[in-house]
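Student: Structure supplied as target_39.tsv; contents: TSV, C-alpha atoms.
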chain	number	residue	atom	x	y	z
U	1	MET	CA	-20.70	-13.59	7.30
U	2	VAL	CA	-18.01	-12.61	9.79
U	3	SER	CA	-17.96	-8.82	10.18
U	4	ASP	CA	-14.98	-6.71	9.14
U	5	THR	CA	-14.60	-5.55	12.75
U	6	ALA	CA	-14.40	-9.11	14.05
U	7	ILE	CA	-11.82	-10.01	11.39
U	8	PHE	CA	-9.82	-6.87	12.23
U	9	GLU	CA	-9.74	-7.91	15.87
U	10	ALA	CA	-8.68	-11.45	15.01
U	11	VAL	CA	-5.86	-10.61	12.58
U	12	GLY	CA	-4.89	-7.67	14.82
U	13	GLU	CA	-3.65	-10.28	17.33
U	14	VAL	CA	-0.78	-11.29	15.03
U	15	ALA	CA	2.45	-10.48	16.87
U	16	ASP	CA	5.34	-8.50	15.43
U	17	PRO	CA	8.14	-11.07	14.94
U	18	GLU	CA	10.85	-8.61	16.09
U	19	VAL	CA	9.02	-7.18	19.10
U	20	PRO	CA	6.68	-10.02	20.08
U	21	VAL	CA	4.95	-8.07	22.88
U	22	LEU	CA	3.38	-5.86	20.23
U	23	THR	CA	0.59	-6.92	17.92
U	24	ILE	CA	0.27	-5.51	14.43
U	25	ALA	CA	-2.78	-3.60	15.68
U	26	ASP	CA	-0.70	-1.97	18.45
U	27	LEU	CA	1.94	-0.99	15.92
U	28	GLY	CA	-0.48	0.46	13.41
U	29	VAL	CA	0.90	-1.94	10.79
U	30	LEU	CA	-2.62	-3.30	10.29
U	31	ARG	CA	-4.44	-0.68	8.25
U	32	GLY	CA	-7.82	-2.16	7.47
U	33	VAL	CA	-10.09	-5.03	6.54
U	34	ARG	CA	-12.71	-4.96	3.82
U	35	HIS	CA	-14.82	-7.37	1.81
U	36	GLU	CA	-14.63	-7.62	-1.96
U	37	GLY	CA	-17.48	-9.95	-2.81
U	38	ASP	CA	-16.88	-12.98	-0.63
U	39	GLU	CA	-13.17	-12.31	-0.42
U	40	VAL	CA	-11.57	-10.59	2.57
U	41	VAL	CA	-8.84	-8.04	1.82
U	42	VAL	CA	-6.50	-7.17	4.69
U	43	THR	CA	-4.21	-4.16	4.17
U	44	ILE	CA	-0.94	-3.76	6.04
U	45	THR	CA	1.82	-1.15	5.85
U	46	PRO	CA	5.55	-1.49	6.59
U	47	THR	CA	7.19	0.59	9.30
U	48	TYR	CA	10.30	0.93	7.10
U	49	SER	CA	10.56	0.25	3.33
U	50	GLY	CA	12.99	-2.59	3.86
U	51	CYS	CA	11.34	-4.12	6.91
U	52	PRO	CA	12.13	-7.86	6.63
U	53	ALA	CA	9.28	-8.78	8.99
U	54	MET	CA	6.60	-7.94	6.42
U	55	ASP	CA	6.68	-11.31	4.66
U	56	LEU	CA	6.23	-13.17	7.92
U	57	ILE	CA	3.45	-10.84	9.09
U	58	LYS	CA	1.67	-11.36	5.78
U	59	HIS	CA	1.97	-15.11	6.17
U	60	GLU	CA	0.64	-15.02	9.75
U	61	VAL	CA	-2.35	-12.94	8.66
U	62	GLU	CA	-3.10	-15.48	5.93
U	63	LEU	CA	-2.92	-18.29	8.48
U	64	THR	CA	-5.33	-16.40	10.74
U	65	LEU	CA	-7.79	-15.97	7.87
U	66	ASP	CA	-7.45	-19.70	7.18
U	67	SER	CA	-8.25	-20.54	10.78
U	68	LEU	CA	-11.44	-18.47	10.47
U	69	HIS	CA	-12.29	-20.39	7.28
U	70	LEU	CA	-12.16	-17.18	5.27
U	71	LYS	CA	-10.98	-16.74	1.73
U	72	GLY	CA	-8.81	-13.67	1.47
U	73	ARG	CA	-5.61	-11.93	0.54
U	74	VAL	CA	-3.18	-9.45	2.05
U	75	GLU	CA	-2.30	-6.17	0.34
U	76	THR	CA	0.65	-3.99	1.25
U	77	VAL	CA	0.09	-0.24	1.04
U	78	LEU	CA	2.72	2.49	1.41
U	79	SER	CA	0.49	5.52	1.56
U	80	PRO	CA	-0.22	7.29	3.84
U	81	ALA	CA	3.26	6.52	5.15
U	82	TRP	CA	3.50	4.85	8.53
U	83	THR	CA	4.65	7.07	11.36
U	84	THR	CA	5.12	6.32	15.03
U	85	ASP	CA	1.84	8.22	15.62
U	86	TRP	CA	0.09	5.09	14.39
U	87	MET	CA	1.31	3.22	17.44
U	88	SER	CA	-1.38	2.89	20.11
U	89	ASP	CA	-0.87	4.11	23.68
U	90	GLU	CA	-1.31	0.55	24.81
U	91	GLY	CA	1.49	-0.43	22.44
U	92	LYS	CA	3.79	2.24	23.88
U	93	ALA	CA	3.09	1.02	27.41
U	94	LYS	CA	3.85	-2.56	26.39
U	95	LEU	CA	7.13	-1.45	24.81
U	96	THR	CA	8.32	0.21	28.01
U	97	GLU	CA	7.44	-2.88	29.98
U	98	TYR	CA	9.44	-4.95	27.48
U	99	GLY	CA	12.51	-2.75	28.00
U	100	ILE	CA	12.30	-0.64	24.85
U	101	ALA	CA	11.87	3.13	25.15
U	102	PRO	CA	8.79	4.07	23.13
U	103	PRO	CA	8.81	6.78	20.44
U	104	THR	CA	8.57	10.28	21.83
U	105	GLY	CA	6.44	11.70	19.07
U	106	ARG	CA	9.20	13.94	17.79
U	107	ARG	CA	11.70	13.13	15.13
U	108	ALA	CA	15.35	13.26	16.09
U	109	VAL	CA	16.50	14.50	12.69
U	110	GLY	CA	15.15	16.35	9.71
U	111	GLY	CA	13.76	19.43	11.40
U	112	PRO	CA	15.18	22.92	10.96
U	113	VAL	CA	17.02	22.60	14.27
U	114	SER	CA	18.80	19.48	15.46
U	115	LEU	CA	17.53	18.73	18.92
U	116	SER	CA	19.16	16.55	21.47
U	117	LEU	CA	16.28	14.72	23.08
U	118	THR	CA	16.47	12.86	26.30
U	119	LEU	CA	14.74	9.56	26.90
U	120	ARG	CA	13.82	7.87	30.11
U	121	CYS	CA	15.55	4.56	30.70
U	122	PRO	CA	12.83	1.89	30.38
U	123	LEU	CA	14.57	-0.18	33.03
U	124	CYS	CA	15.21	2.25	35.91
U	125	GLY	CA	13.33	5.35	34.76
U	126	SER	CA	16.32	7.70	34.89
U	127	PRO	CA	16.32	10.59	32.39
U	128	ASP	CA	20.14	10.53	32.35
U	129	THR	CA	20.64	8.56	29.14
U	130	SER	CA	22.72	8.94	25.99
U	131	GLU	CA	22.44	7.78	22.42
U	132	LEU	CA	25.08	5.28	21.31
U	133	SER	CA	23.91	4.92	17.73
U	134	ARG	CA	21.06	6.22	15.58
U	135	PHE	CA	20.75	2.71	14.20
U	136	GLY	CA	19.91	-0.29	16.35
U	137	SER	CA	19.12	-3.98	16.14
U	138	THR	CA	16.35	-3.33	13.58
U	139	SER	CA	15.57	-0.44	11.24
U	140	CYS	CA	12.94	0.94	13.56
U	141	LYS	CA	15.19	1.19	16.62
U	142	SER	CA	18.19	3.17	17.85
U	143	LEU	CA	20.65	2.13	20.54
U	144	TRP	CA	20.91	3.98	23.88
U	145	ARG	CA	22.62	3.60	27.23
U	146	CYS	CA	21.44	4.62	30.67
U	147	ASN	CA	24.08	6.59	32.56
U	148	SER	CA	22.47	5.73	35.90
U	149	CYS	CA	22.00	1.97	35.77
U	150	ARG	CA	24.57	1.55	32.92
U	151	GLU	CA	22.27	-0.78	30.98
U	152	PRO	CA	22.03	-0.43	27.20
U	153	PHE	CA	18.50	-0.29	25.80
U	154	ASP	CA	16.68	0.03	22.49
U	155	HIS	CA	14.58	3.02	21.54
U	156	PHE	CA	11.78	2.79	19.01
U	157	LYS	CA	12.67	5.72	16.74
U	158	ALA	CA	10.09	8.39	16.04
U	159	ILE	CA	9.58	8.86	12.32
P	160	MET	CA	4.95	-1.67	-25.05
P	161	SER	CA	2.93	0.69	-27.21
P	162	ASP	CA	1.99	3.45	-24.78
P	163	PRO	CA	4.88	5.95	-24.82
P	164	ARG	CA	3.92	7.47	-21.46
P	165	ALA	CA	3.92	4.07	-19.77
P	166	ASN	CA	7.30	3.46	-21.35
P	167	ASP	CA	8.64	6.71	-19.85
P	168	LEU	CA	7.14	6.05	-16.43
P	169	SER	CA	8.57	2.54	-16.33
P	170	THR	CA	12.02	3.80	-17.36
P	171	TYR	CA	11.88	6.59	-14.79
P	172	SER	CA	10.96	4.19	-11.99
P	173	LEU	CA	13.72	1.88	-13.15
P	174	ARG	CA	16.29	4.68	-12.90
P	175	LEU	CA	15.37	5.48	-9.31
P	176	GLY	CA	15.01	1.81	-8.40
P	177	ASP	CA	18.42	0.97	-9.89
P	178	ASP	CA	20.05	3.82	-7.93
P	179	ALA	CA	18.62	2.41	-4.71
P	180	LEU	CA	19.39	-1.23	-5.55
P	181	ILE	CA	23.02	-0.66	-6.51
P	182	ALA	CA	23.60	1.68	-3.56
P	183	ALA	CA	22.15	-1.02	-1.29
P	184	GLN	CA	24.48	-3.66	-2.73
P	185	ARG	CA	27.55	-1.49	-2.12
P	186	THR	CA	26.44	-0.42	1.35
P	187	ALA	CA	25.85	-4.05	2.33
P	188	GLU	CA	29.48	-4.86	1.51
P	189	TRP	CA	30.37	-3.15	4.79
P	190	ILE	CA	28.45	-5.69	6.85
P	191	ALA	CA	30.93	-7.47	9.12
P	192	ALA	CA	33.70	-5.16	7.85
P	193	ALA	CA	32.85	-1.76	9.33
P	194	PRO	CA	35.30	-0.07	11.74
P	195	GLN	CA	33.09	-0.69	14.79
P	196	LEU	CA	30.02	-2.72	15.70
P	197	GLU	CA	27.63	0.25	15.86
P	198	GLU	CA	28.78	1.33	12.41
P	199	ASP	CA	28.27	-2.17	11.08
P	200	VAL	CA	24.68	-2.06	12.30
P	201	ALA	CA	24.15	1.48	10.99
P	202	LEU	CA	25.39	0.72	7.48
P	203	GLY	CA	23.43	-2.54	7.48
P	204	ASN	CA	20.26	-0.61	8.29
P	205	ILE	CA	20.96	2.05	5.69
P	206	GLY	CA	21.48	-0.64	3.05
P	207	LEU	CA	18.23	-2.29	4.08
P	208	ASP	CA	16.32	0.98	3.70
P	209	GLN	CA	17.79	1.42	0.23
P	210	LEU	CA	16.89	-2.14	-0.69
P	211	GLY	CA	13.32	-1.62	0.48
P	212	GLN	CA	13.03	1.46	-1.71
P	213	ALA	CA	14.51	-0.47	-4.63
P	214	ARG	CA	11.96	-3.26	-4.26
P	215	SER	CA	8.99	-0.90	-4.39
P	216	LEU	CA	10.38	1.05	-7.33
P	217	LEU	CA	11.39	-1.99	-9.39
P	218	GLN	CA	8.05	-3.64	-8.70
P	219	TYR	CA	6.32	-0.52	-9.99
P	220	ALA	CA	8.58	-0.34	-13.06
P	221	GLY	CA	7.64	-3.93	-13.86
P	222	THR	CA	3.91	-3.36	-13.34
P	223	VAL	CA	3.85	-0.24	-15.53
P	224	GLU	CA	5.91	-1.97	-18.21
P	225	GLY	CA	3.21	-4.63	-18.38
P	226	ALA	CA	5.47	-7.39	-19.67
P	227	GLY	CA	5.09	-9.53	-16.55
P	228	ARG	CA	8.56	-8.83	-15.14
P	229	SER	CA	8.80	-8.95	-11.35
P	230	GLU	CA	11.19	-6.98	-9.14
P	231	ASP	CA	13.39	-10.08	-9.02
P	232	ASP	CA	13.42	-10.45	-12.81
P	233	LEU	CA	14.55	-6.84	-13.11
P	234	ALA	CA	17.20	-7.10	-10.40
P	235	TYR	CA	18.69	-10.47	-11.35
P	236	PHE	CA	18.15	-10.99	-15.04
P	237	ARG	CA	19.18	-7.78	-16.71
P	238	ASP	CA	22.67	-7.24	-18.10
P	239	GLU	CA	25.04	-4.38	-17.43
P	240	ARG	CA	23.90	-2.08	-20.22
P	241	GLU	CA	20.26	-2.40	-19.16
P	242	PHE	CA	20.90	-0.88	-15.72
P	243	LEU	CA	20.17	2.83	-15.52
P	244	ASN	CA	21.70	3.75	-12.16
P	245	LEU	CA	24.00	6.68	-11.53
P	246	GLN	CA	27.68	5.78	-11.72
P	247	LEU	CA	28.14	7.25	-8.23
P	248	CYS	CA	26.14	4.36	-6.77
P	249	GLU	CA	28.29	1.64	-8.30
P	250	LEU	CA	31.70	3.02	-7.35
P	251	PRO	CA	33.74	0.77	-5.07
P	252	ASN	CA	33.51	1.67	-1.38
P	253	GLY	CA	37.18	2.56	-1.02
P	254	ASP	CA	38.09	3.37	2.56
P	255	PHE	CA	35.50	4.36	5.16
P	256	ALA	CA	35.83	8.09	4.45
P	257	GLN	CA	35.19	7.51	0.75
P	258	THR	CA	32.04	5.53	1.56
P	259	ILE	CA	30.85	8.35	3.84
P	260	ALA	CA	31.52	10.97	1.15
P	261	LYS	CA	29.50	8.90	-1.30
P	262	LEU	CA	26.68	8.56	1.22
P	263	LEU	CA	26.65	12.31	1.89
P	264	TYR	CA	26.37	13.12	-1.82
P	265	PHE	CA	23.84	10.39	-2.61
P	266	ALA	CA	21.58	10.66	0.45
P	267	THR	CA	21.36	14.45	0.17
P	268	TYR	CA	20.34	14.02	-3.45
P	269	GLN	CA	17.80	11.30	-2.64
P	270	HIS	CA	16.35	13.40	0.15
P	271	LEU	CA	15.72	16.39	-2.12
P	272	LEU	CA	14.35	14.15	-4.86
P	273	TYR	CA	11.95	12.25	-2.61
P	274	GLU	CA	10.77	15.48	-1.00
P	275	GLU	CA	9.65	16.69	-4.42
P	276	LEU	CA	8.29	13.35	-5.53
P	277	ARG	CA	6.10	12.80	-2.50
P	278	GLY	CA	4.01	15.82	-3.43
P	279	GLY	CA	3.65	14.57	-7.01
P	280	THR	CA	0.58	13.29	-8.79
P	281	ASP	CA	1.68	9.71	-9.32
P	282	GLU	CA	0.18	7.93	-6.35
P	283	THR	CA	2.68	5.06	-6.20
P	284	LEU	CA	5.80	7.20	-6.63
P	285	ALA	CA	4.45	9.67	-4.06
P	286	GLY	CA	3.79	6.78	-1.66
P	287	VAL	CA	7.28	5.31	-2.02
P	288	ALA	CA	8.86	8.76	-1.71
P	289	GLY	CA	6.77	9.72	1.31
P	290	LYS	CA	7.98	6.61	3.09
P	291	ALA	CA	11.60	6.86	1.93
P	292	VAL	CA	12.15	10.53	2.67
P	293	LYS	CA	11.98	9.87	6.41
P	294	GLU	CA	14.49	7.03	6.17
P	295	VAL	CA	16.87	9.02	4.01
P	296	ALA	CA	16.82	11.90	6.54
P	297	TYR	CA	18.61	9.50	8.89
P	298	HIS	CA	21.13	8.59	6.17
P	299	VAL	CA	21.96	12.27	5.58
P	300	ASP	CA	22.31	12.81	9.30
P	301	HIS	CA	24.60	9.81	9.67
P	302	ALA	CA	26.86	10.86	6.79
P	303	THR	CA	26.96	14.44	8.08
P	304	GLN	CA	28.04	13.40	11.55
P	305	TRP	CA	30.90	11.33	10.15
P	306	VAL	CA	32.10	13.99	7.69
P	307	LEU	CA	32.29	16.46	10.59
P	308	ARG	CA	34.01	14.02	12.91
P	309	LEU	CA	36.58	12.84	10.37
P	310	GLY	CA	37.14	16.20	8.67
P	311	ASP	CA	37.57	18.04	11.94
P	312	GLY	CA	39.45	15.16	13.60
P	313	THR	CA	43.10	14.16	13.39
P	314	ASP	CA	45.46	15.08	10.55
P	315	GLU	CA	45.10	11.60	9.15
P	316	SER	CA	41.29	11.50	9.34
P	317	HIS	CA	41.15	14.98	7.77
P	318	ARG	CA	43.42	13.88	4.93
P	319	ARG	CA	41.29	10.78	4.30
P	320	MET	CA	38.00	12.68	4.44
P	321	GLN	CA	39.28	15.26	1.98
P	322	ALA	CA	40.50	12.49	-0.34
P	323	GLY	CA	37.09	10.78	-0.12
P	324	LEU	CA	35.18	13.96	-0.93
P	325	ASP	CA	37.53	14.66	-3.86
P	326	ALA	CA	37.36	11.11	-5.24
P	327	MET	CA	33.54	11.05	-5.39
P	328	TRP	CA	33.07	14.60	-6.66
P	329	PRO	CA	33.59	13.90	-10.41
P	330	TYR	CA	30.52	11.66	-10.29
P	331	THR	CA	28.12	14.26	-8.87
P	332	ALA	CA	27.22	16.26	-11.99
P	333	GLU	CA	25.40	13.21	-13.28
P	334	LEU	CA	22.93	13.44	-10.40
P	335	PHE	CA	21.50	16.62	-11.85
P	336	ALA	CA	21.64	15.87	-15.57
P	337	SER	CA	18.31	16.60	-17.20
P	338	ASP	CA	17.13	14.86	-20.35
P	339	GLU	CA	14.09	14.64	-22.62
P	340	LEU	CA	12.46	11.91	-20.58
P	341	VAL	CA	12.26	13.83	-17.30
P	342	GLN	CA	11.10	16.93	-19.13
P	343	ARG	CA	8.42	15.00	-21.02
P	344	LEU	CA	7.10	12.88	-18.15
P	345	ASP	CA	4.67	14.95	-16.08
P	346	VAL	CA	5.22	13.06	-12.82
P	347	ALA	CA	9.03	13.08	-12.97
P	348	VAL	CA	11.22	15.49	-11.03
P	349	ASP	CA	13.72	17.28	-13.26
P	350	PRO	CA	16.93	16.67	-11.26
P	351	SER	CA	18.52	19.90	-12.53
P	352	THR	CA	16.12	21.77	-10.24
P	353	LEU	CA	17.70	20.11	-7.20
P	354	GLU	CA	21.30	21.11	-7.82
P	355	GLU	CA	21.35	24.53	-6.17
P	356	GLU	CA	19.90	23.32	-2.87
P	357	TRP	CA	22.07	20.19	-2.97
P	358	LEU	CA	25.20	22.31	-3.35
P	359	ARG	CA	24.11	24.55	-0.50
P	360	ARG	CA	23.55	21.64	1.87
P	361	VAL	CA	26.66	19.68	0.91
P	362	ASN	CA	28.89	22.75	0.98
P	363	GLN	CA	27.62	23.66	4.42
P	364	VAL	CA	28.71	20.26	5.75
P	365	ILE	CA	32.07	20.39	3.96
P	366	ASP	CA	32.79	23.90	5.24
P	367	GLU	CA	31.92	22.98	8.78
P	368	SER	CA	34.15	19.89	8.58
P	369	THR	CA	37.16	22.14	7.78
P	370	CYS	CA	37.66	20.32	4.47
P	371	GLU	CA	38.00	22.15	1.18
P	372	ARG	CA	35.15	22.14	-1.33
P	373	PRO	CA	36.26	19.78	-4.09
P	374	THR	CA	36.92	21.17	-7.52
P	375	SER	CA	37.09	19.03	-10.58
P	376	ALA	CA	36.72	20.17	-14.13
P	377	TYR	CA	36.04	16.71	-15.46
P	378	GLN	CA	32.72	15.02	-14.69
P	379	HIS	CA	31.73	11.49	-15.64
P	380	SER	CA	28.36	10.61	-17.17
P	381	GLY	CA	26.50	7.80	-18.88
P	382	GLY	CA	24.77	5.79	-16.14
P	383	ARG	CA	21.28	6.83	-17.22
P	384	ASP	CA	22.08	5.51	-20.72
P	385	GLY	CA	23.40	2.21	-19.41
P	386	ARG	CA	27.08	3.11	-19.70
P	387	HIS	CA	28.89	2.14	-16.55
P	388	THR	CA	32.32	2.08	-14.94
P	389	GLU	CA	34.63	-0.92	-15.18
P	390	HIS	CA	33.64	-1.87	-11.61
P	391	PHE	CA	29.99	-2.47	-12.39
P	392	GLY	CA	30.24	-5.90	-14.02
P	393	TYR	CA	31.91	-7.34	-10.92
P	394	LEU	CA	29.18	-5.91	-8.71
P	395	LEU	CA	26.48	-7.47	-10.88
P	396	ALA	CA	28.26	-10.81	-10.93
P	397	GLU	CA	28.10	-10.94	-7.16
P	398	LEU	CA	24.53	-9.63	-7.01
P	399	GLN	CA	23.15	-11.96	-9.66
P	400	HIS	CA	25.13	-15.16	-9.70
P	401	VAL	CA	23.02	-17.20	-7.24
P	402	ALA	CA	19.74	-16.29	-8.94
P	403	ARG	CA	21.21	-17.06	-12.36
P	404	SER	CA	22.87	-20.30	-11.30
P	405	HIS	CA	19.61	-21.60	-9.86
P	406	PRO	CA	16.84	-20.05	-11.97
P	407	GLY	CA	13.43	-20.31	-10.35
P	408	ALA	CA	14.81	-21.33	-6.97
P	409	SER	CA	13.02	-20.03	-3.92
P	410	TRP	CA	14.10	-19.89	-0.29
Would you mind writing the file out in structure tokens?
Tutor:
Amino acid sequence: MVSDTAIFEAVGEVADPEVPVLTIADLGVLRGVRHEGDEVVVTITPTYSGCPAMDLIKHEVELTLDSLHLKGRVETVLSPAWTTDWMSDEGKAKLTEYGIAPPTGRRAVGGPVSLSLTLRCPLCGSPDTSELSRFGSTSCKSLWRCNSCREPFDHFKAI
Amino acid sequence: MSDPRANDLSTYSLRLGDDALIAAQRTAEWIAAAPQLEEDVALGNIGLDQLGQARSLLQYAGTVEGAGRSEDDLAYFRDEREFLNLQLCELPNGDFAQTIAKLLYFATYQHLLYEELRGGTDETLAGVAGKAVKEVAYHVDHATQWVLRLGDGTDESHRRMQAGLDAMWPYTAELFASDELVQRLDVAVDPSTLEEEWLRRVNQVIDESTCERPTSAYQHSGGRDGRHTEHFGYLLAELQHVARSHPGASW
């Protein structure tokens, strides 16, 4: 029998379709692998309720199980809710390299005091950046611009 | 369905799911029609969040009901009187200020509701709420920023923002209407308990925007009983016609 750890590592290699440098293990979207009898159950969690990538991720996980000749299914769980804390440090480093500012670990809204947070430009490293929109190309990102190199960039929102 | 508690729980989930679904449908109407590209993307994202919440809630309503209805069955194959959403959610978007007023009222309400629900004893509802509350915080923030900018902007933007706030106000009492079901169902949040804090938050934004707090003696009601405005049938026609024209189709 293939161990749960080995299966976790294998399905953990599935890439996020929106940010292909990240795997679902980097993102923390992959929650766990367990056996129920001779069936493998893989649990995943969405970053946002309406994340349209979930169906594709589920399909890719099923294909990976197939390639390992394993019988299994994928379950989606909502609780505990995903936060950007689930993202691995390796994942955050890969994001920066890809040109997306990683989550800072603090939420931009919802606290008792609204803070204006600065982000480093992932392209030139300047801290002189400004937010263009709280909502970006996908639910999990906001849109920023660097005032030094003038390039727009995405920021993976902290939630 | 013989178990009365399951019946209540299914109906309750359906109410919240319908709110989110119908709000999502209206919000999505702005895609490719918003005043600027960033706003187009923002409203598209907000609609997607609402749709995601709707899917989870409708799926749960169907599971608890136990009659084999999926989220799609519930969204596409119910008629007007079977929808239990608040009338506020179905109102036409009007101009941009009116949409923003609606979003301020609705998102503030959803935020308070989900905050309560996430600490509740129903594991699924708490899970959906725990996820959604973080998304809705962004919706509240977005609506707030626009109300301030438009209200405290030019004469014309102020006039429009005030008109938007006034137009949506007569549909807000319904958000907090209590009934036997929410009082009977242990895991439900009685919405009347949210009204005071909602008023405080909304009034704070309105005051800061230099608009006047709306006053309206008349308040509409009926959404929770399946009674809807004359606009609702048209919305459903657009939402449902592809699924009904091609039953069983998948893509």
Student: Counting only C-alpha atoms, a student should be able to say which residues of chain P come within 7 Å of chain U; what is the right answer, written as a count of residues only?
Tutor: 18
Student: Applying 12 Å and only C-alpha atoms, which residues near P:Asp345 remain after dropping the ones on its own chain fewer than 2 positions away? List them as a list in words.
Tutor: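 Those residues are Arg164, Ala165, Asp167, Leu168, Tyr171, Leu276, Gly279, Thr280, Asp281, Glu339, Leu340, Val341, Gln342, Arg343, Ala347, Val348 and Asp349 of chain P.
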Student: Could you tell me how far atom CA of U:Ala53 lies from atom CA of U:Ala15, in Å and to one decimal?
Tutor: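 The value is 10.6 Å.
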Student: Would you mind telling me which residue in U:Asp4, U:Glu39, U:Glu151, U:Glu13 lies nearest to U:Ile100 when using all atoms listed in the file?
Tutor: U:Glu151
Student: What does the structure give for the distance between atom CA of U:Phe153 and atom CA of P:His270, in Å to one decimal?
Tutor: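 It comes out at 29.2 Å.
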Student: Just checking: using all atoms listed in the file, which residue out of U:Phe156, U:Trp144, U:Leu70, U:Thr84 ends up closest to U:Ala10?
Tutor: U:Leu70
Student: Please identify all polymer residues within 12 Å of P:Asp311, counting all atoms listed in the file, omitting same-chain residues fewer than 6 positions from it, and present them as a count of residues only.
Tutor: 16
Student: Residues within 9 Å of P:Leu202, please, as a PyMOL selection string. Count all atoms listed in the file; anything in the same chain fewer than 3 positions from it doesn't count.
Tutor: (chain U and resi 135) or (chain P and resi 186-187+189-190+193+197-199+205-207)
Student: With all atoms of stretch 139-147 of chain U from the file as input, state the centre and edge lengths in Å to one decimal of the axis-aligned box that has 5 Å extra on each side, as JSON.
Tutor:
{"center_x": 18.5, "center_y": 3.1, "center_z": 21.9, "size_x": 21.1, "size_y": 17.0, "size_z": 31.3}
Student: Could you pull out every residue with an atom within 7 Å of (3.4, -0.5, -18.6), file coordinates, counting all atoms listed in the file, and send them as a VMD selection string?
Tutor: chain P and resid 160 165 to 166 169 222 to 225
Student: Residues within 7 Å of stretch 128-130 of chain U, please, as number ranges by chain. Count only C-alpha atoms; anything in the same chain fewer than 2 positions from it doesn't count.
Tutor: U: 118-121, 126, 132, 144-148
Student: Extract, using all atoms listed in the file, all DNA, RNA and protein residues at most 8 Å from U:Thr23, discarding same-chain residues fewer than 2 positions from it, and format them as a short mmCIF file (atom, residue, chain, number, x, y, z; two decimals) with C-alpha atoms, in the frame of the given file.
Tutor:
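Written file, out_22.cif:
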data_model
loop_
_atom_site.label_atom_id
_atom_site.label_comp_id
_atom_site.auth_asym_id
_atom_site.auth_seq_id
_atom_site.Cartn_x
_atom_site.Cartn_y
_atom_site.Cartn_z
CA GLY U 12 -4.89 -7.67 14.82
CA GLU U 13 -3.65 -10.28 17.33
CA VAL U 14 -0.78 -11.29 15.03
CA ALA U 15 2.45 -10.48 16.87
CA ASP U 16 5.34 -8.50 15.43
CA PRO U 20 6.68 -10.02 20.08
CA VAL U 21 4.95 -8.07 22.88
CA ALA U 25 -2.78 -3.60 15.68
CA ASP U 26 -0.70 -1.97 18.45
CA LEU U 27 1.94 -0.99 15.92
CA GLY U 91 1.49 -0.43 22.44
#
Student: For a test of reading the model, state the distance in Å between atom CA of P:Ile181 and atom CA of P:Leu394, rounded to one decimal.
Tutor: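 Pair atom CA of P:Ile181 / atom CA of P:Leu394 returns 8.4 Å.
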Student: Identify which of the residues U:Asp89, U:Leu68, U:Glu60, U:Thr104 lies closest to U:Ala6, counting only C-alpha atoms when measuring atom-to-atom distances.
Tutor: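 Smallest distance to U:Ala6 is found for U:Leu68.
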Student: Complete the atoms of stretch 13-24 of chain U to N, CA and C atoms and put them out as a short mmCIF file (atom, residue, chain, number, x, y, z; two decimals), keeping the file's coordinate frame.
Tutor:
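Below is the file that was written, part.cif:
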data_model
loop_
_atom_site.label_atom_id
_atom_site.label_comp_id
_atom_site.auth_asym_id
_atom_site.auth_seq_id
_atom_site.Cartn_x
_atom_site.Cartn_y
_atom_site.Cartn_z
N GLU U 13 -4.38 -9.57 16.27
CA GLU U 13 -3.65 -10.28 17.33
C GLU U 13 -2.32 -10.84 16.86
N VAL U 14 -2.07 -10.80 15.54
CA VAL U 14 -0.78 -11.29 15.03
C VAL U 14 0.34 -10.47 15.65
N ALA U 15 1.36 -11.17 16.17
CA ALA U 15 2.45 -10.48 16.87
C ALA U 15 3.53 -10.04 15.89
N ASP U 16 4.19 -8.92 16.21
CA ASP U 16 5.34 -8.50 15.43
C ASP U 16 6.49 -9.48 15.72
N PRO U 17 7.10 -10.06 14.68
CA PRO U 17 8.14 -11.07 14.94
C PRO U 17 9.39 -10.51 15.63
N GLU U 18 9.66 -9.21 15.47
CA GLU U 18 10.85 -8.61 16.09
C GLU U 18 10.59 -8.17 17.52
N VAL U 19 9.39 -7.66 17.76
CA VAL U 19 9.02 -7.18 19.10
C VAL U 19 7.73 -7.91 19.49
N PRO U 20 7.86 -9.16 19.93
CA PRO U 20 6.68 -10.02 20.08
C PRO U 20 5.65 -9.56 21.10
N VAL U 21 5.99 -8.56 21.96
CA VAL U 21 4.95 -8.07 22.88
C VAL U 21 3.93 -7.19 22.16
N LEU U 22 4.29 -6.73 20.98
CA LEU U 22 3.38 -5.86 20.23
C LEU U 22 2.63 -6.65 19.17
N THR U 23 1.35 -6.34 19.03
CA THR U 23 0.59 -6.92 17.92
C THR U 23 0.65 -5.94 16.76
N ILE U 24 0.24 -6.42 15.58
CA ILE U 24 0.27 -5.51 14.43
C ILE U 24 -0.79 -4.43 14.56
#
